[in-house]
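Everything below belongs to upload_7.txt, which stores compact mmCIF, C-alpha atoms and all ligand atoms.
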```txt
# COMPACT_ATOMS: atom_id res chain seq x y z
CA MET K 7 -183.08 98.88 120.70
CA GLY K 8 -184.46 100.12 117.43
CA ASN K 9 -183.09 102.54 114.90
CA VAL K 10 -184.55 106.03 114.95
CA ALA K 11 -184.83 108.19 111.85
CA GLN K 12 -186.54 111.53 111.37
CA LYS K 13 -188.72 112.23 108.36
CA ARG K 14 -190.88 115.17 107.41
CA ASP K 15 -194.39 114.58 106.16
CA ALA K 16 -196.19 116.62 103.48
CA GLU K 17 -197.21 119.24 106.06
CA GLY K 18 -193.68 119.65 107.39
CA ASN K 19 -194.23 117.78 110.69
CA VAL K 20 -191.27 115.77 111.93
CA ASN K 21 -192.09 112.09 112.29
CA TYR K 22 -189.86 109.72 114.21
CA CYS K 23 -189.67 106.39 112.46
CA VAL K 24 -188.42 103.49 114.52
CA SER K 25 -187.63 100.07 113.19
CA PHE K 26 -186.88 97.31 115.64
CA GLY K 27 -184.55 94.35 115.45
CA GLU K 28 -182.90 92.60 112.54
CA SER K 29 -186.02 92.19 110.47
CA PRO K 30 -187.44 95.70 110.53
CA LEU K 31 -191.15 95.91 110.96
CA SER K 32 -192.94 98.41 108.84
CA PRO K 33 -191.60 101.55 110.53
CA MET K 34 -193.86 102.78 113.32
CA ARG K 35 -194.89 106.39 113.26
CA LEU K 36 -193.92 107.77 116.64
CA THR K 37 -195.25 111.24 116.59
CA ILE K 38 -198.45 112.41 118.19
CA ASP K 39 -199.56 115.85 117.09
CA PRO K 40 -199.50 118.23 120.09
CA ASP K 41 -202.81 119.64 118.84
CA ILE K 42 -205.37 117.11 120.06
CA ALA K 43 -207.89 118.40 117.52
CA ARG K 44 -205.60 117.22 114.71
CA ALA K 45 -203.86 114.30 116.38
CA ALA K 46 -204.22 110.60 115.53
CA THR K 47 -203.74 107.85 118.12
CA LEU K 48 -200.73 105.51 118.36
CA GLU K 49 -200.26 103.10 115.53
CA PRO K 50 -201.70 99.64 116.28
CA ALA K 51 -198.22 98.11 115.77
CA PHE K 52 -197.36 99.46 119.20
CA TYR K 53 -199.78 97.00 120.83
CA ARG K 54 -198.99 94.03 118.62
CA THR K 55 -195.31 93.29 118.46
CA GLU K 56 -192.67 91.82 120.74
CA ALA K 57 -190.20 94.36 119.35
CA ALA K 58 -192.31 97.34 120.38
CA TYR K 59 -192.96 95.70 123.77
CA ALA K 60 -189.22 95.23 124.38
CA ALA K 61 -188.44 98.78 123.26
CA THR K 62 -191.06 100.04 125.72
CA ARG K 63 -189.45 98.04 128.52
CA ASP K 64 -186.01 99.54 127.82
CA ARG K 65 -186.99 103.09 126.93
CA VAL K 66 -190.04 103.69 129.11
CA PHE K 67 -190.00 101.43 132.17
CA VAL K 68 -186.26 101.62 132.84
CA ARG K 69 -186.44 105.43 132.64
CA THR K 70 -189.49 106.09 134.85
CA TRP K 71 -190.27 106.01 138.56
CA GLN K 72 -191.80 102.78 139.76
CA TRP K 73 -193.78 102.26 142.93
CA LEU K 74 -192.06 99.95 145.47
CA GLY K 75 -194.96 99.74 147.93
CA ASP K 76 -195.27 101.28 151.37
CA LEU K 77 -192.35 101.64 153.72
CA ALA K 78 -194.03 100.47 156.95
CA GLY K 79 -191.85 97.32 157.00
CA VAL K 80 -188.58 99.30 156.97
CA ALA K 81 -189.37 101.86 159.66
CA GLU K 82 -186.74 100.70 162.17
CA PRO K 83 -182.95 101.20 161.86
CA GLY K 84 -181.38 97.96 160.62
CA SER K 85 -184.41 96.98 158.50
CA LEU K 86 -183.78 95.11 155.24
CA ALA K 87 -186.54 94.33 152.77
CA PRO K 88 -186.12 92.86 149.26
CA ARG K 89 -188.34 94.29 146.50
CA ASP K 90 -188.59 92.98 142.95
CA LEU K 91 -189.10 95.78 140.49
CA LEU K 92 -191.88 94.82 138.02
CA PRO K 93 -191.28 91.04 138.25
CA GLU K 94 -192.52 90.01 134.79
CA LEU K 95 -191.04 92.94 132.89
CA LEU K 96 -187.89 94.39 134.50
CA ASP K 97 -187.50 91.67 137.15
CA GLU K 98 -184.84 93.74 138.91
CA PRO K 99 -183.88 92.55 142.43
CA LEU K 100 -183.69 95.58 144.75
CA LEU K 101 -183.14 95.93 148.49
CA LEU K 102 -184.49 98.59 150.84
CA ALA K 103 -182.03 99.14 153.68
CA ARG K 104 -182.35 101.54 156.61
CA ASP K 105 -179.02 102.09 158.35
CA ALA K 106 -178.35 102.71 162.05
CA GLU K 107 -178.64 106.50 161.53
CA GLY K 108 -182.09 106.07 160.02
CA THR K 109 -181.20 106.74 156.37
CA LEU K 110 -183.24 104.64 153.97
CA ARG K 111 -181.62 103.58 150.70
CA CYS K 112 -182.55 101.45 147.73
CA LEU K 113 -179.66 99.17 146.79
CA SER K 114 -179.09 96.46 144.25
CA ASN K 115 -179.90 93.12 145.90
CA VAL K 116 -177.29 91.35 143.74
CA CYS K 117 -173.87 90.46 145.17
CA THR K 118 -171.03 92.21 143.34
CA HIS K 119 -168.89 89.03 143.43
CA ARG K 120 -170.65 86.44 141.26
CA GLY K 121 -174.22 87.70 141.33
CA ASN K 122 -176.00 85.83 144.13
CA ILE K 123 -179.23 87.34 145.47
CA LEU K 124 -178.33 88.79 148.86
CA VAL K 125 -181.48 89.14 150.98
CA LYS K 126 -184.43 86.85 150.30
CA THR K 127 -186.85 87.78 153.10
CA PRO K 128 -187.38 90.92 155.22
CA CYS K 129 -185.11 90.93 158.26
CA SER K 130 -183.18 93.10 160.69
CA ALA K 131 -179.36 93.21 160.65
CA ASP K 132 -176.36 95.50 161.04
CA HIS K 133 -174.73 94.28 157.81
CA ILE K 134 -175.56 92.37 154.64
CA ARG K 135 -173.76 89.04 154.17
CA CYS K 136 -173.85 87.08 150.93
CA GLY K 137 -174.74 83.43 151.52
CA TYR K 138 -172.55 82.18 148.64
CA HIS K 139 -168.94 83.16 149.59
CA SER K 140 -169.58 85.46 152.57
CA ARG K 141 -168.87 88.88 151.04
CA ARG K 142 -170.16 91.56 153.42
CA PHE K 143 -171.62 95.03 152.91
CA ASP K 144 -172.74 97.73 155.30
CA LEU K 145 -176.28 99.10 155.07
CA ALA K 146 -175.09 101.93 152.81
CA GLY K 147 -173.98 99.28 150.30
CA ARG K 148 -170.19 99.55 150.86
CA MET K 149 -168.28 96.28 150.68
CA THR K 150 -166.61 95.73 154.04
CA PHE K 151 -165.19 92.20 153.96
CA MET K 152 -164.34 89.43 151.48
CA PRO K 153 -162.49 86.20 152.34
CA GLU K 154 -159.68 84.84 150.12
CA PHE K 155 -159.12 88.07 148.24
CA ALA K 156 -155.89 89.29 149.96
CA ALA K 157 -153.88 88.71 146.76
CA ALA K 158 -156.42 90.33 144.45
CA LYS K 159 -155.07 93.46 142.77
CA ASN K 160 -156.96 96.76 142.72
CA PHE K 161 -159.38 95.33 145.21
CA PRO K 162 -161.67 96.52 146.61
CA SER K 163 -162.81 99.30 144.30
CA PRO K 164 -166.07 101.25 144.12
CA ALA K 165 -167.27 98.61 141.63
CA ASP K 166 -167.39 96.14 144.53
CA ASP K 167 -169.95 98.24 146.41
CA LEU K 168 -173.68 97.71 145.84
CA PRO K 169 -175.14 100.19 143.35
CA ASN K 170 -177.45 102.77 144.95
CA VAL K 171 -180.68 103.06 142.96
CA PRO K 172 -182.39 106.47 142.68
CA PHE K 173 -185.06 106.41 145.37
CA ALA K 174 -187.83 108.74 146.54
CA GLU K 175 -190.47 108.75 149.27
CA TRP K 176 -193.91 110.31 149.30
CA ALA K 177 -196.44 109.92 152.13
CA GLY K 178 -194.93 106.67 153.39
CA GLN K 179 -194.66 105.16 149.88
CA GLY K 180 -191.39 104.27 148.14
CA PHE K 181 -190.41 104.80 144.49
CA ALA K 182 -187.33 103.76 142.53
CA ALA K 183 -186.07 104.40 139.01
CA LEU K 184 -183.22 102.52 137.34
CA ASP K 185 -182.27 105.34 134.95
CA PRO K 186 -184.74 108.18 135.55
CA ALA K 187 -185.50 110.59 132.72
CA ALA K 188 -186.24 113.27 135.36
CA PRO K 189 -186.39 113.59 139.17
CA PHE K 190 -189.30 112.06 141.08
CA ALA K 191 -190.64 115.54 141.88
CA ASP K 192 -191.11 116.18 138.16
CA PHE K 193 -193.03 112.93 137.77
CA ALA K 194 -195.25 113.65 140.79
CA GLY K 195 -196.14 117.10 139.48
CA ASP K 196 -198.43 118.99 141.85
CA LEU K 197 -199.45 115.84 143.75
CA PRO K 198 -197.56 116.48 147.03
CA HIS K 199 -198.93 120.05 147.35
CA ARG K 200 -202.35 119.59 145.84
CA LEU K 201 -203.45 116.79 148.16
CA ASP K 202 -201.32 117.53 151.24
CA TRP K 203 -204.48 118.27 153.27
CA LEU K 204 -205.62 114.63 153.02
CA GLY K 205 -203.00 113.37 155.49
CA VAL K 206 -202.19 110.33 153.34
CA GLU K 207 -199.13 109.48 155.47
CA GLY K 208 -201.57 108.57 158.27
CA TYR K 209 -203.60 106.11 156.16
CA ARG K 210 -203.34 102.42 157.09
CA HIS K 211 -202.91 99.50 154.72
CA ASP K 212 -205.92 97.15 154.79
CA PRO K 213 -204.80 93.84 153.23
CA ALA K 214 -208.36 92.52 153.20
CA ARG K 215 -209.18 95.08 150.53
CA ASP K 216 -206.18 94.30 148.28
CA ARG K 217 -206.82 92.72 144.88
CA ALA K 218 -204.77 91.15 142.07
CA TYR K 219 -206.25 91.09 138.58
CA GLN K 220 -205.03 89.49 135.38
CA ILE K 221 -206.20 90.94 132.09
CA ASP K 222 -205.69 89.50 128.63
CA ALA K 223 -204.70 92.79 127.04
CA HIS K 224 -201.71 95.04 126.40
CA TRP K 225 -200.89 97.14 129.46
CA ALA K 226 -201.29 100.44 127.62
CA LEU K 227 -204.92 99.65 126.75
CA TYR K 228 -205.67 99.34 130.46
CA VAL K 229 -203.97 102.69 131.12
CA GLU K 230 -205.78 104.44 128.26
CA ASN K 231 -209.14 103.27 129.57
CA TYR K 232 -208.25 104.66 132.99
CA LEU K 233 -207.30 108.03 131.55
CA GLU K 234 -210.72 109.00 130.28
CA GLY K 235 -214.08 109.36 131.98
CA PHE K 236 -215.65 109.44 128.51
CA HIS K 237 -216.78 105.82 128.84
CA ILE K 238 -218.39 106.15 132.27
CA PRO K 239 -221.99 106.67 131.06
CA PHE K 240 -221.68 103.78 128.59
CA VAL K 241 -219.63 101.21 130.55
CA HIS K 242 -220.34 102.02 134.22
CA PRO K 243 -224.05 102.80 134.63
CA ALA K 244 -223.96 102.48 138.44
CA LEU K 245 -220.86 104.69 138.80
CA ASN K 246 -222.56 107.21 136.55
CA GLU K 247 -225.25 107.57 139.24
CA VAL K 248 -222.77 108.83 141.86
CA VAL K 249 -220.41 111.06 139.82
CA ASP K 250 -221.43 114.13 137.84
CA TYR K 251 -220.17 113.22 134.36
CA GLY K 252 -220.59 116.77 133.06
CA SER K 253 -218.12 118.09 135.68
CA TYR K 254 -215.37 115.57 134.84
CA ALA K 255 -212.09 117.46 134.34
CA THR K 256 -208.50 116.51 133.46
CA GLU K 257 -205.44 118.58 134.45
CA LEU K 258 -202.13 117.81 132.79
CA PHE K 259 -198.67 118.00 134.39
CA ARG K 260 -195.35 117.12 132.74
CA TYR K 261 -195.36 113.40 133.60
CA SER K 262 -198.67 112.95 135.41
CA ASN K 263 -202.26 114.04 135.24
CA LEU K 264 -205.23 114.48 137.54
CA GLN K 265 -208.83 113.60 136.79
CA ARG K 266 -211.53 114.71 139.15
CA ALA K 267 -215.27 114.51 139.18
CA LEU K 268 -217.86 116.15 141.35
CA ALA K 269 -220.23 114.01 143.42
CA GLN K 270 -223.93 113.88 142.71
CA PRO K 271 -226.01 115.46 145.49
CA GLY K 272 -226.20 113.21 148.55
CA GLU K 273 -223.20 111.04 147.53
CA ALA K 274 -219.94 110.77 149.52
CA ALA K 275 -217.53 113.60 148.71
CA PHE K 276 -214.39 115.42 149.81
CA ALA K 277 -214.73 118.97 151.14
CA PRO K 278 -211.39 120.54 150.06
CA PRO K 279 -210.10 123.29 152.39
CA PRO K 280 -209.81 126.99 151.46
CA HIS K 281 -206.15 126.91 150.39
CA THR K 282 -206.85 124.42 147.58
CA PRO K 283 -208.07 125.20 144.06
CA ASP K 284 -210.98 122.82 144.64
CA TYR K 285 -212.35 124.73 147.64
CA GLY K 286 -216.15 124.84 147.69
CA GLN K 287 -216.54 121.83 145.39
CA ARG K 288 -217.83 118.40 146.38
CA ILE K 289 -215.17 116.14 144.84
CA ALA K 290 -216.22 112.48 144.43
CA ALA K 291 -212.68 111.27 143.65
CA TYR K 292 -209.22 112.40 142.61
CA TYR K 293 -207.60 110.09 140.07
CA TRP K 294 -203.86 110.76 139.94
CA TRP K 295 -201.89 108.99 137.24
CA MET K 296 -198.11 108.97 137.03
CA PHE K 297 -196.48 107.99 133.73
CA PRO K 298 -196.50 105.24 132.72
CA ASN K 299 -198.24 102.73 134.98
CA LEU K 300 -199.24 104.04 138.41
CA MET K 301 -202.70 105.15 139.50
CA LEU K 302 -203.34 106.79 142.85
CA ASN K 303 -207.08 106.98 143.41
CA PHE K 304 -208.24 109.10 146.33
CA TYR K 305 -211.76 108.51 147.65
CA PRO K 306 -213.41 109.78 150.83
CA TRP K 307 -212.52 106.43 152.49
CA GLY K 308 -208.82 106.55 151.52
CA LEU K 309 -206.33 105.69 148.78
CA SER K 310 -206.49 102.85 146.27
CA VAL K 311 -203.10 102.36 144.60
CA ASN K 312 -203.30 100.54 141.26
CA LEU K 313 -200.01 99.30 139.82
CA VAL K 314 -200.20 98.17 136.19
CA GLN K 315 -197.64 95.41 135.59
CA PRO K 316 -196.96 94.37 131.99
CA ALA K 317 -196.69 90.56 131.75
CA GLY K 318 -196.40 90.09 127.99
CA VAL K 319 -197.55 91.77 124.78
CA SER K 320 -201.15 90.87 125.52
CA ARG K 321 -201.16 90.14 129.26
CA THR K 322 -201.26 92.54 132.19
CA ARG K 323 -201.44 92.15 135.93
CA VAL K 324 -202.92 94.92 138.04
CA ALA K 325 -202.31 95.09 141.78
CA PHE K 326 -204.72 97.09 143.97
CA ARG K 327 -203.48 98.13 147.43
CA SER K 328 -205.88 99.89 149.78
CA TYR K 329 -204.90 102.48 152.39
CA VAL K 330 -207.81 103.49 154.62
CA GLY K 331 -208.13 106.98 156.08
CA ASP K 332 -211.81 107.03 157.09
CA ALA K 333 -213.26 103.56 157.61
CA ALA K 334 -216.76 105.03 158.07
CA ALA K 335 -216.79 106.05 154.38
CA ILE K 336 -215.97 102.57 153.01
CA GLY K 337 -218.56 101.38 150.52
CA GLU K 338 -219.77 104.85 149.62
CA GLY K 339 -219.63 107.03 146.53
CA ALA K 340 -217.25 106.71 143.57
CA GLY K 341 -214.90 104.40 145.54
CA GLY K 342 -217.70 102.23 146.88
CA ALA K 343 -218.01 99.38 144.37
CA LEU K 344 -214.51 99.06 142.94
CA ASP K 345 -214.81 95.32 142.15
CA ARG K 346 -217.79 95.88 139.85
CA VAL K 347 -216.20 98.89 138.13
CA GLU K 348 -213.01 96.87 137.61
CA ALA K 349 -214.92 93.96 136.02
CA GLU K 350 -216.65 96.37 133.65
CA ASP K 351 -213.31 97.97 132.72
CA GLU K 352 -211.60 94.60 132.16
CA ALA K 353 -214.35 93.40 129.82
CA ILE K 354 -214.07 96.49 127.63
CA VAL K 355 -210.24 96.49 127.63
CA GLU K 356 -210.14 92.83 126.57
CA ALA K 357 -212.55 93.62 123.74
CA VAL K 358 -210.27 96.47 122.62
CA GLN K 359 -207.31 94.06 122.71
CA ARG K 360 -209.01 91.95 120.04
CA GLY K 361 -209.78 95.10 118.08
CA VAL K 362 -206.25 96.53 117.96
CA ARG K 363 -205.02 93.26 116.45
CA SER K 364 -207.46 93.61 113.56
CA ARG K 365 -205.94 93.95 110.09
CA LEU K 366 -208.59 96.52 109.34
CA TYR K 367 -207.95 98.79 112.37
CA ARG K 368 -205.42 101.53 111.67
CA GLY K 369 -205.76 103.72 114.75
CA GLY K 370 -208.19 106.49 115.51
CA ARG K 371 -208.63 110.08 116.66
CA TYR K 372 -209.14 111.73 120.07
CA SER K 373 -212.13 113.55 121.49
CA PRO K 374 -210.72 117.04 122.16
CA THR K 375 -213.03 117.44 125.15
CA ARG K 376 -212.90 113.95 126.71
CA GLU K 377 -209.59 112.30 125.83
CA ARG K 378 -206.92 114.80 126.83
CA GLY K 379 -205.45 112.29 129.30
CA VAL K 380 -205.10 109.58 126.62
CA HIS K 381 -203.48 112.09 124.26
CA HIS K 382 -201.06 113.09 127.05
CA PHE K 383 -200.14 109.42 127.63
CA HIS K 384 -199.52 108.77 123.94
CA ARG K 385 -197.41 111.93 123.63
CA LEU K 386 -195.22 110.73 126.51
CA LEU K 387 -194.90 107.22 125.08
CA ALA K 388 -193.86 108.64 121.71
CA GLU K 389 -191.37 110.98 123.39
CA PHE K 390 -189.73 108.18 125.39
CA LEU K 391 -189.69 105.67 122.53
CA ALA K 392 -188.06 108.16 120.19
CA ALA K 393 -185.44 109.29 122.74
CA LYS K 394 -181.91 108.14 122.04
S1 LIG H 401 -171.56 85.68 145.04
FE1 LIG H 401 -171.60 86.79 146.86
S2 LIG H 401 -169.76 86.27 147.86
FE2 LIG H 401 -169.70 85.16 146.02
FE FE H 402 -213.75 102.62 133.67
```

Can you present the structure in this file as structure tokens?
Amino acid sequence: MGNVAQKRDAEGNVNYCVSFGESPLSPMRLTIDPDIARAATLEPAFYRTEAAYAATRDRVFVRTWQWLGDLAGVAEPGSLAPRDLLPELLDEPLLLARDAEGTLRCLSNVCTHRGNILVKTPCSADHIRCGYHSRRFDLAGRMTFMPEFAAAKNFPSPADDLPNVPFAEWAGQGFAALDPAAPFADFAGDLPHRLDWLGVEGYRHDPARDRAYQIDAHWALYVENYLEGFHIPFVHPALNEVVDYGSYATELFRYSNLQRALAQPGEAAFAPPPHTPDYGQRIAAYYWWMFPNLMLNFYPWGLSVNLVQPAGVSRTRVAFRSYVGDAAAIGEGAGGALDRVEAEDEAIVEAVQRGVRSRLYRGGRYSPTRERGVHHFHRLLAEFLAAK
């Protein structure tokens, strides 16, 4: 963790200065002006250093809700399914367990004796048994049996039970947070109400449409690119034919934001019902982002979940999972050519990666009309990195 100090600049604004590690880097300015018209972007040091990357892991990713995938595999009582939380960053072994009464929990998948991994593949059972020395737990995580411990004092204690990890469900999807800064409902914002009419819980996973991408760039550059439609006319000429760029709008919530664009005439679109604020509009896509690394993209054919997985200071993996609601709409509209759009985005993000490492690049400014989502993201990053 770094050291945080507050300083006031010439205009009286409080700046948080963070220096990391034993050999302090030049302190990184961690304040983003709330007024987008005056604000400057994050300092390039954020994208360059191992120290900033590690601080982001501990202060951002540990404290936010992370997507665990869908819960179809743990529908039945007695289901156990291991899940690794962000394998190349947090690499935290977790276990989804549904007990006989039907309660689903997220537990640590690490034995409380000497640390063996408990469950290695999805299975069905009425208890969890460690394969190392046979410690047993029930599906709520309570330790129920341990051989050769009769003489142990103060044993068992609550410390011998498996830790329960904060867990939330939305529309058949699971989320966990190791040390959440706020409840899941705060991170989701208006999502559950705003798009309840889509019936997302009835969508079906289509593995044939899943993708895994690797990008040679810092994870935040990928997220920033996602958070603005500003580049669509310049980077995605074909996509620009099906969405109405002029109608592109961004709504901000506390820890998430929504981008939406209207469809061009004749292109595939949602027809939102009367109880929604979008009634009467032909929406090409809803792009819902949850801080820091989850994208839920709703198209007329269904939901494309994009999970951004940091894999190093300048390497990112992105997993696409597709949930189909209306197979007849596949291939149409804004969600019709996702592979091409992704390739165009990756090329520009990798070019920006080279740019932010330049000795001559010192950060930039935001478009007040087109980059509100990027400004929101940077404000949240600065807030989390400066938090004690
Ligand atoms: S590590 Fe699990 S019983 Fe020993
Ligand atoms: Fe793009």

Protein and nucleic acid residues near (-204.0, 116.0, 151.4) (cut-off 12 Å, only C-alpha atoms) as a PyMOL selection string: chain K and resi 176-177+196-209+276-279+281-282+284+292+304-306+308-309+331

Residues within 12 Å of Glu107 in chain K, only C-alpha atoms, excluding chain neighbours under 4 positions, as a PyMOL selection string: chain K and resi 81-85+103+111+132+145-146

Exercise answer, 12 Å around ligand FE 402 (chain H) with only C-alpha atoms and all ligand atoms, as an NGL selection string: :K and (227-246 or 293 or 340 or 343-355)

Test item: residues lying within 10 Å of ligand LIG 401 (chain H) with all atoms listed in the file, as JSON, numbers by chain: {"K": [116, 117, 118, 119, 120, 121, 122, 123, 124, 135, 136, 137, 138, 139, 140, 141, 142, 151, 152, 153]}

Kindly provide the residues of range 185-245 of chain K that approach range 48-57 of chain K to within 9 Å, each paired with its closest atom pair and their distance in Å to one decimal, based on only C-alpha atoms, listed by chain and increasing number, as JSON lines.
```
{"residue": "K:Ala223", "atom": "CA", "partner": "K:Tyr53", "partner_atom": "CA", "distance": 9.0}
{"residue": "K:His224", "atom": "CA", "partner": "K:Tyr53", "partner_atom": "CA", "distance": 6.2}
{"residue": "K:Trp225", "atom": "CA", "partner": "K:Tyr53", "partner_atom": "CA", "distance": 8.7}
{"residue": "K:Ala226", "atom": "CA", "partner": "K:Tyr53", "partner_atom": "CA", "distance": 7.8}
{"residue": "K:Leu227", "atom": "CA", "partner": "K:Tyr53", "partner_atom": "CA", "distance": 8.3}
```

Residue nearest Ala43 in chain K - candidates K:Gly379, K:Pro162, K:Pro374, K:Gly361, atoms counted: only C-alpha atoms: K:Pro374

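Note that CA of Arg148 in chain K and CA of Ala174 in chain K are 20.4 Å apart.
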
Two-atom distance - CA of Ser364 in chain K, CA of Ala325 in chain K (Å): 28.7 Å

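Residues having any atom no farther than 9 Å from (-203.6, 106.0, 142.3) (counting all atoms listed in the file) are K:Tyr292, K:Tyr293, K:Trp294, K:Trp295, K:Met296, K:Leu300, K:Met301, K:Leu302, K:Asn303, K:Phe304, K:Leu309, K:Ser310, K:Val311, K:Asn312, K:Leu313.
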
Any chance you could export the current selection's C-alpha atoms as a compact mmCIF listing (two decimals), in the coordinates of the input?
```
# COMPACT_ATOMS: atom_id res chain seq x y z
CA TYR K 292 -209.22 112.40 142.61
CA TYR K 293 -207.60 110.09 140.07
CA TRP K 294 -203.86 110.76 139.94
CA TRP K 295 -201.89 108.99 137.24
CA MET K 296 -198.11 108.97 137.03
CA LEU K 300 -199.24 104.04 138.41
CA MET K 301 -202.70 105.15 139.50
CA LEU K 302 -203.34 106.79 142.85
CA ASN K 303 -207.08 106.98 143.41
CA PHE K 304 -208.24 109.10 146.33
CA LEU K 309 -206.33 105.69 148.78
CA SER K 310 -206.49 102.85 146.27
CA VAL K 311 -203.10 102.36 144.60
CA ASN K 312 -203.30 100.54 141.26
CA LEU K 313 -200.01 99.30 139.82
```

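Look at Leu386 in chain K: the protein and nucleic acid residues within 10 Å of it, using all atoms listed in the file and passing over chain neighbours fewer than 6 places away, are Thr37, Ile38, Val66, Arg260, Tyr261, Ser262, Phe297, Pro298, Val380 and Ala392 of chain K.
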
Straight-line distance linking CA of Asp64 in chain K with CA of Ala183 in chain K, stated in Å to one decimal: 12.2 Å

For range 247-259 of chain K: contacts at 9 Å, only C-alpha atoms, fewer than 6 positions along chain excluded, given as a PyMOL selection string: chain K and resi 192-196+233-236+238-239+265-274+289-291+339-340+376-379+382

Using C-alpha atoms, can you export the residues from the last selection as a compact mmCIF listing (two decimals), in the frame of the given file?
```txt
# COMPACT_ATOMS: atom_id res chain seq x y z
CA ASP K 192 -191.11 116.18 138.16
CA PHE K 193 -193.03 112.93 137.77
CA ALA K 194 -195.25 113.65 140.79
CA GLY K 195 -196.14 117.10 139.48
CA ASP K 196 -198.43 118.99 141.85
CA LEU K 233 -207.30 108.03 131.55
CA GLU K 234 -210.72 109.00 130.28
CA GLY K 235 -214.08 109.36 131.98
CA PHE K 236 -215.65 109.44 128.51
CA ILE K 238 -218.39 106.15 132.27
CA PRO K 239 -221.99 106.67 131.06
CA GLN K 265 -208.83 113.60 136.79
CA ARG K 266 -211.53 114.71 139.15
CA ALA K 267 -215.27 114.51 139.18
CA LEU K 268 -217.86 116.15 141.35
CA ALA K 269 -220.23 114.01 143.42
CA GLN K 270 -223.93 113.88 142.71
CA PRO K 271 -226.01 115.46 145.49
CA GLY K 272 -226.20 113.21 148.55
CA GLU K 273 -223.20 111.04 147.53
CA ALA K 274 -219.94 110.77 149.52
CA ILE K 289 -215.17 116.14 144.84
CA ALA K 290 -216.22 112.48 144.43
CA ALA K 291 -212.68 111.27 143.65
CA GLY K 339 -219.63 107.03 146.53
CA ALA K 340 -217.25 106.71 143.57
CA ARG K 376 -212.90 113.95 126.71
CA GLU K 377 -209.59 112.30 125.83
CA ARG K 378 -206.92 114.80 126.83
CA GLY K 379 -205.45 112.29 129.30
CA HIS K 382 -201.06 113.09 127.05
```

Selection near Arg215 in chain K, 8 Å with all atoms listed in the file, sequence-local residues under 2 positions removed, as a PyMOL selection string: chain K and resi 212-213+217+327-328

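Shortest separation to Val171 in chain K among K:Leu96, K:Leu101, K:Val330, K:Leu184 occurs at residue K:Leu184, atoms counted being only C-alpha atoms.
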
Pick from K:Lys159, K:Arg65, K:Arg104, K:His211, whichever lies nearest to Leu86 in chain K using all atoms listed in the file: K:Arg104

K:Thr47, K:Phe190, K:Leu264, K:Ile42 ranked by distance to Tyr367 in chain K, top pick (using all atoms listed in the file): K:Thr47

Surrounding residues of Asp185 in chain K excluding itself and chain neighbours under 2 positions, 7 Å, only C-alpha atoms, as a list in words: Val68, Arg69, Ala183 and Ala187 of chain K
